[in-house]
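Scroll down for the structure; my scribbles are underneath it.
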Amino acid sequence: MKVLFAARLVNFKDPVTFIQAARKLPSYEFHVAGDGKLMSDCKKLAFGYENIHLLGWVSQNIVNDLMNEADVFCQLSPIENLWATTLISAMKHKKAIVCTDVGCVRQYLVDGQHVLLIPPKDDAKLIHAIIKLENAELRRMLGENACNFVEANLSLGECAERIHELLIRETES
Amino acid sequence: MRIAFVVARIGNERNVIQKLSLVLANELNRHNDLNVDVLPFTKKQMFNMFSYRKFRNYDAVLIANIGLQCAYFSIWKRLGMIAKPFIAISFGSDIRATKNKLINLFNRLSKPTIDLLIVVNPDLVEIAKNRGYANIEYVPSWGSALD
């Protein structure tokens, strides 16, 4: 199974918990796409683990390819995950997502319906969630629901329409 | 209605904010009553004494992120040289960075001049309130349009 983390390598995104979990699951492939000031820490943690691939910054096309190939996507901020562009992208790609239960996530995404929610900075719970997602039917169901959520709530047309209304209101007031 | 949309770092492939801004500008231009021009000031163009005059023919100024450009044009607005509504879109990295002295300075400079702050994450409403912004609206991110 392929597990993907795509974000800046900074504390706000917490790549460290992802790599800590990866070290304990050698039979899965873990890909980290992104760069940032935690890169050297990530390299040290991943050193010697052949199942962990630190790719550095990659273009959007490659992120899309990685997204297509991944079975599971992880969004692990200890502060807020909404609406990270990579989270939306993973939802749109119908990926099974493990997401930290922080900020306003629970107001929008339902545990076991759209994503699997775990506490922040908890590699044991992350490992548990990833193993749970060996179930292909669960992955399919989560991915479908997440994609439907994006189509219903996060479309460019609707967001732009709202901004259009606000621009008119503010300019005419 | 003509909107000047100030977007920094156009062409920087790593910058998601400029990509989201360009996508938004295209979508807004589909509305018949709106004409959105993206103004990609470089630092050199921006610090030109008369750069604020570019806004003369617009009804409002839309600004992506409360950063250097927002702070700079806020100074001109405070001086009375720009008499247009300022609408800023915060994508989070700006108003979340409460420990970054430079961003704090940009926030302090621009806050009184921003007539409406649009935030694309729901938690930013509270963060923006705590930072002293008055008129805040949450609009979900349109990141789904980026692929």
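Lettering and numbering for the structure tokens are positional, with chains as A, B, ... in the shown order, residues counted from 1 in each chain, and ligands counted from 1 in the shown order.
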
Hey, what's within 12 Å of Leu25 of chain A if we count only C-alpha atoms and toss same-chain stuff fewer than 4 positions away? As a list in words, please?
Met1, Lys2, Val3, Phe18, Ile19, Gln20, Ala21, Glu29, Phe30, Tyr49, Glu50, Asn51, Ile52, Asp123, Ala124, Leu126, Ile127, His128, Ala129, Ile130 and Ile131 of chain A

Show me a table, sorted first by chain and then by increasing residue number, of the residues of segment 32-109 of chain B having an atom at most 12 Å from segment 74-92 of chain A, each with its shortest atom pair and the distance in Å to one decimal, counting only C-alpha atoms and written as JSON lines.
```
{"residue": "B:Phe91", "atom": "CA", "partner": "A:Trp83", "partner_atom": "CA", "distance": 9.3}
{"residue": "B:Gly92", "atom": "CA", "partner": "A:Trp83", "partner_atom": "CA", "distance": 9.8}
{"residue": "B:Ser93", "atom": "CA", "partner": "A:Ala84", "partner_atom": "CA", "distance": 11.2}
{"residue": "B:Arg96", "atom": "CA", "partner": "A:Ile79", "partner_atom": "CA", "distance": 10.4}
```

I need the chosen residues saved as a PDB file, in the first residue's frame, with N, CA and C atoms.
```
ATOM      1  N   PHE B  91      -5.185  33.852   3.075  1.00  0.00           N
ATOM      2  CA  PHE B  91      -5.115  32.401   2.883  1.00  0.00           C
ATOM      3  C   PHE B  91      -4.526  31.717   4.118  1.00  0.00           C
ATOM      4  N   GLY B  92      -4.282  32.484   5.145  1.00  0.00           N
ATOM      5  CA  GLY B  92      -3.886  31.889   6.427  1.00  0.00           C
ATOM      6  C   GLY B  92      -2.465  32.156   6.837  1.00  0.00           C
ATOM      7  N   SER B  93      -1.529  32.002   5.905  1.00  0.00           N
ATOM      8  CA  SER B  93      -0.123  32.121   6.294  1.00  0.00           C
ATOM      9  C   SER B  93       0.180  33.518   6.839  1.00  0.00           C
ATOM     10  N   ARG B  96      -1.962  33.986  10.487  1.00  0.00           N
ATOM     11  CA  ARG B  96      -1.594  32.961  11.475  1.00  0.00           C
ATOM     12  C   ARG B  96      -0.215  33.235  12.082  1.00  0.00           C
TER      13      ARG B  96
END
```

Tell me, counting only C-alpha atoms, for each residue of segment 13-108 of chain B within 7 Å of segment 157-172 of chain A, which pair of atoms is nearest and how far apart they are in Å to one decimal, in rows ordered by chain and increasing number, as a tab-separated table.
```
residue	atom	partner	partner_atom	distance
B:Leu24	CA	A:Ala160	CA	6.4
B:Glu27	CA	A:Ala160	CA	6.4
B:Leu28	CA	A:Ala160	CA	6.1
B:Asp59	CA	A:Thr171	CA	6.8
B:Ala60	CA	A:Thr171	CA	6.3
B:Pro85	CA	A:Thr171	CA	6.4
```

Write to file, as a PDB file, in the first residue's frame, the residues of the selection just made, with C-alpha atoms.
```
ATOM      1  CA  LEU B  24     -10.348  33.346  -9.054  1.00  0.00           C
ATOM      2  CA  GLU B  27     -13.825  32.994 -12.722  1.00  0.00           C
ATOM      3  CA  LEU B  28     -14.893  36.453 -11.515  1.00  0.00           C
ATOM      4  CA  ASP B  59     -13.966  50.823  -8.167  1.00  0.00           C
ATOM      5  CA  ALA B  60     -12.250  48.613  -5.599  1.00  0.00           C
ATOM      6  CA  PRO B  85     -12.511  50.071  -0.812  1.00  0.00           C
TER       7      PRO B  85
END
```

One decimal, Å: what's the distance from atom CA of Met49 of chain B over to atom CA of Leu34 of chain B, could you say?
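One can read the atom CA of Met49 of chain B to atom CA of Leu34 of chain B distance as 28.4 Å.
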
At a cut-off of 10 Å, using only C-alpha atoms, what residues contact Phe5 of chain B? Leave out same-chain residues fewer than 4 positions from it and give the result as a list in words.
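So, after excluding close chain neighbours, the residues are Ser21, Leu22, Leu24, Ala25, Val36, Asp37, Val38, Leu39, Pro40, Phe55, Tyr58, Ala60, Val61, Leu62, Ile63, Ala64, Ile87 and Ala88 of chain B.
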
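If only C-alpha atoms are the atoms counted, then among B:Lys43, B:Arg56, B:Arg2, B:Lys99 the closest residue to chain A is B:Arg2.
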
I need the chain B residues near chain A as a ChimeraX atom specification; criterion: at most 9 Å, counting only C-alpha atoms.
/B:1,3,13-14,16,23-25,27-28,31,34,59-60,62,84-87,115-116,118,120-123,137,139-147

Produce a file of the selected residues containing C-alpha atoms, as an mmCIF file, in the first residue's frame.
```cif
data_model
loop_
_atom_site.group_PDB
_atom_site.id
_atom_site.type_symbol
_atom_site.label_atom_id
_atom_site.label_comp_id
_atom_site.auth_asym_id
_atom_site.auth_seq_id
_atom_site.Cartn_x
_atom_site.Cartn_y
_atom_site.Cartn_z
ATOM 1 C CA MET B 1 -17.581 47.444 -11.995
ATOM 2 C CA ILE B 3 -11.689 45.594 -9.730
ATOM 3 C CA GLU B 13 5.432 27.911 -9.486
ATOM 4 C CA ARG B 14 5.750 27.122 -5.792
ATOM 5 C CA VAL B 16 -0.162 28.417 -4.384
ATOM 6 C CA VAL B 23 -8.031 31.114 -11.075
ATOM 7 C CA LEU B 24 -10.348 33.346 -9.054
ATOM 8 C CA ALA B 25 -9.746 36.329 -11.326
ATOM 9 C CA GLU B 27 -13.825 32.994 -12.722
ATOM 10 C CA LEU B 28 -14.893 36.453 -11.515
ATOM 11 C CA HIS B 31 -19.666 37.804 -14.440
ATOM 12 C CA LEU B 34 -17.396 42.616 -13.118
ATOM 13 C CA ASP B 59 -13.966 50.823 -8.167
ATOM 14 C CA ALA B 60 -12.250 48.613 -5.599
ATOM 15 C CA LEU B 62 -8.799 43.291 -4.137
ATOM 16 C CA LYS B 84 -11.233 52.947 -2.920
ATOM 17 C CA PRO B 85 -12.511 50.071 -0.812
ATOM 18 C CA PHE B 86 -9.793 47.553 0.050
ATOM 19 C CA ILE B 87 -10.862 43.915 0.113
ATOM 20 C CA ASP B 115 -12.806 47.345 4.510
ATOM 21 C CA LEU B 116 -13.477 43.625 4.189
ATOM 22 C CA ILE B 118 -12.194 37.399 3.215
ATOM 23 C CA VAL B 120 -10.649 30.881 3.151
ATOM 24 C CA ASN B 121 -10.409 28.747 6.285
ATOM 25 C CA PRO B 122 -13.150 28.761 8.926
ATOM 26 C CA ASP B 123 -10.760 28.962 11.888
ATOM 27 C CA GLU B 137 -16.309 36.863 5.817
ATOM 28 C CA VAL B 139 -15.570 31.775 1.882
ATOM 29 C CA PRO B 140 -14.377 28.183 1.406
ATOM 30 C CA SER B 141 -11.198 27.679 -0.574
ATOM 31 C CA TRP B 142 -11.555 27.005 -4.304
ATOM 32 C CA GLY B 143 -8.420 24.840 -4.262
ATOM 33 C CA SER B 144 -10.357 22.142 -6.118
ATOM 34 C CA ALA B 145 -9.870 24.206 -9.282
ATOM 35 C CA LEU B 146 -6.085 23.939 -9.236
ATOM 36 C CA ASP B 147 -5.413 20.516 -10.770
#
```

Going by DSSP on the backbone, which bits of segment 23-135 of chain A are strand (DSSP E)? Write them as a list in words, please.
Glu29, Phe30, His31, Val32, Ala33, Ile52, His53, Leu54, Leu55, Gly56, Val72, Phe73, Cys74, Gln75, Ala96, Ile97, Val98, Cys99, Thr100, Leu116, Leu117 and Ile118 of chain A

Produce a file of the selected residues containing C-alpha atoms, as a PDB file, in the first residue's frame.
```
ATOM      1  CA  GLU A  29       5.599   2.608   0.919  1.00  0.00           C
ATOM      2  CA  PHE A  30       5.614   6.146   2.331  1.00  0.00           C
ATOM      3  CA  HIS A  31       6.143   9.142   0.060  1.00  0.00           C
ATOM      4  CA  VAL A  32       6.829  12.646   1.350  1.00  0.00           C
ATOM      5  CA  ALA A  33       6.443  15.412  -1.243  1.00  0.00           C
ATOM      6  CA  ILE A  52      10.386   6.076   3.144  1.00  0.00           C
ATOM      7  CA  HIS A  53      10.903   8.284   0.090  1.00  0.00           C
ATOM      8  CA  LEU A  54      11.656  11.961   0.668  1.00  0.00           C
ATOM      9  CA  LEU A  55      11.009  13.582  -2.691  1.00  0.00           C
ATOM     10  CA  GLY A  56      11.570  17.253  -1.826  1.00  0.00           C
ATOM     11  CA  VAL A  72      -3.900   6.672   1.444  1.00  0.00           C
ATOM     12  CA  PHE A  73      -3.286  10.382   1.922  1.00  0.00           C
ATOM     13  CA  CYS A  74      -2.314  11.905   5.285  1.00  0.00           C
ATOM     14  CA  GLN A  75      -3.116  15.463   6.398  1.00  0.00           C
ATOM     15  CA  ALA A  96      -8.808   7.582   1.549  1.00  0.00           C
ATOM     16  CA  ILE A  97      -7.605  10.273   3.936  1.00  0.00           C
ATOM     17  CA  VAL A  98      -6.252  10.152   7.466  1.00  0.00           C
ATOM     18  CA  CYS A  99      -6.675  13.594   8.960  1.00  0.00           C
ATOM     19  CA  THR A 100      -5.927  15.067  12.370  1.00  0.00           C
ATOM     20  CA  LEU A 116     -10.484   8.872   9.337  1.00  0.00           C
ATOM     21  CA  LEU A 117      -9.834  11.353  12.118  1.00  0.00           C
ATOM     22  CA  ILE A 118      -6.956  10.844  14.535  1.00  0.00           C
TER      23      ILE A 118
END
```

Long-range neighbours of Leu102 of chain B as a PDB file with C-alpha atoms, in the first residue's frame, 12 Å cut-off, only C-alpha atoms, 6 positions minimum in chain:
```
ATOM      1  CA  ILE B  66      -1.959  40.700   3.821  1.00  0.00           C
ATOM      2  CA  GLY B  67       1.680  41.017   2.927  1.00  0.00           C
ATOM      3  CA  LEU B  68       4.100  43.655   1.756  1.00  0.00           C
ATOM      4  CA  ALA B  71       0.826  47.102   3.705  1.00  0.00           C
ATOM      5  CA  ASP B  94      -0.335  35.872   6.862  1.00  0.00           C
ATOM      6  CA  ILE B  95      -2.610  36.255   9.866  1.00  0.00           C
ATOM      7  CA  ARG B 108      -0.699  46.583  11.768  1.00  0.00           C
ATOM      8  CA  LEU B 109      -0.170  48.856   8.787  1.00  0.00           C
TER       9      LEU B 109
END
```

Give the alpha helix (DSSP H) residues of segment 1-144 of chain A, as assigned by DSSP on the backbone, as a PyMOL selection string.
chain A and resi 15-23+39-46+60-69+85-92+105-108+123-132+136-144

Rounded to one decimal place, report the atom CA of Gly48 of chain A-atom CA of Pro26 of chain A distance in Å.
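Calculated distance between atom CA of Gly48 of chain A and atom CA of Pro26 of chain A is 11.2 Å.
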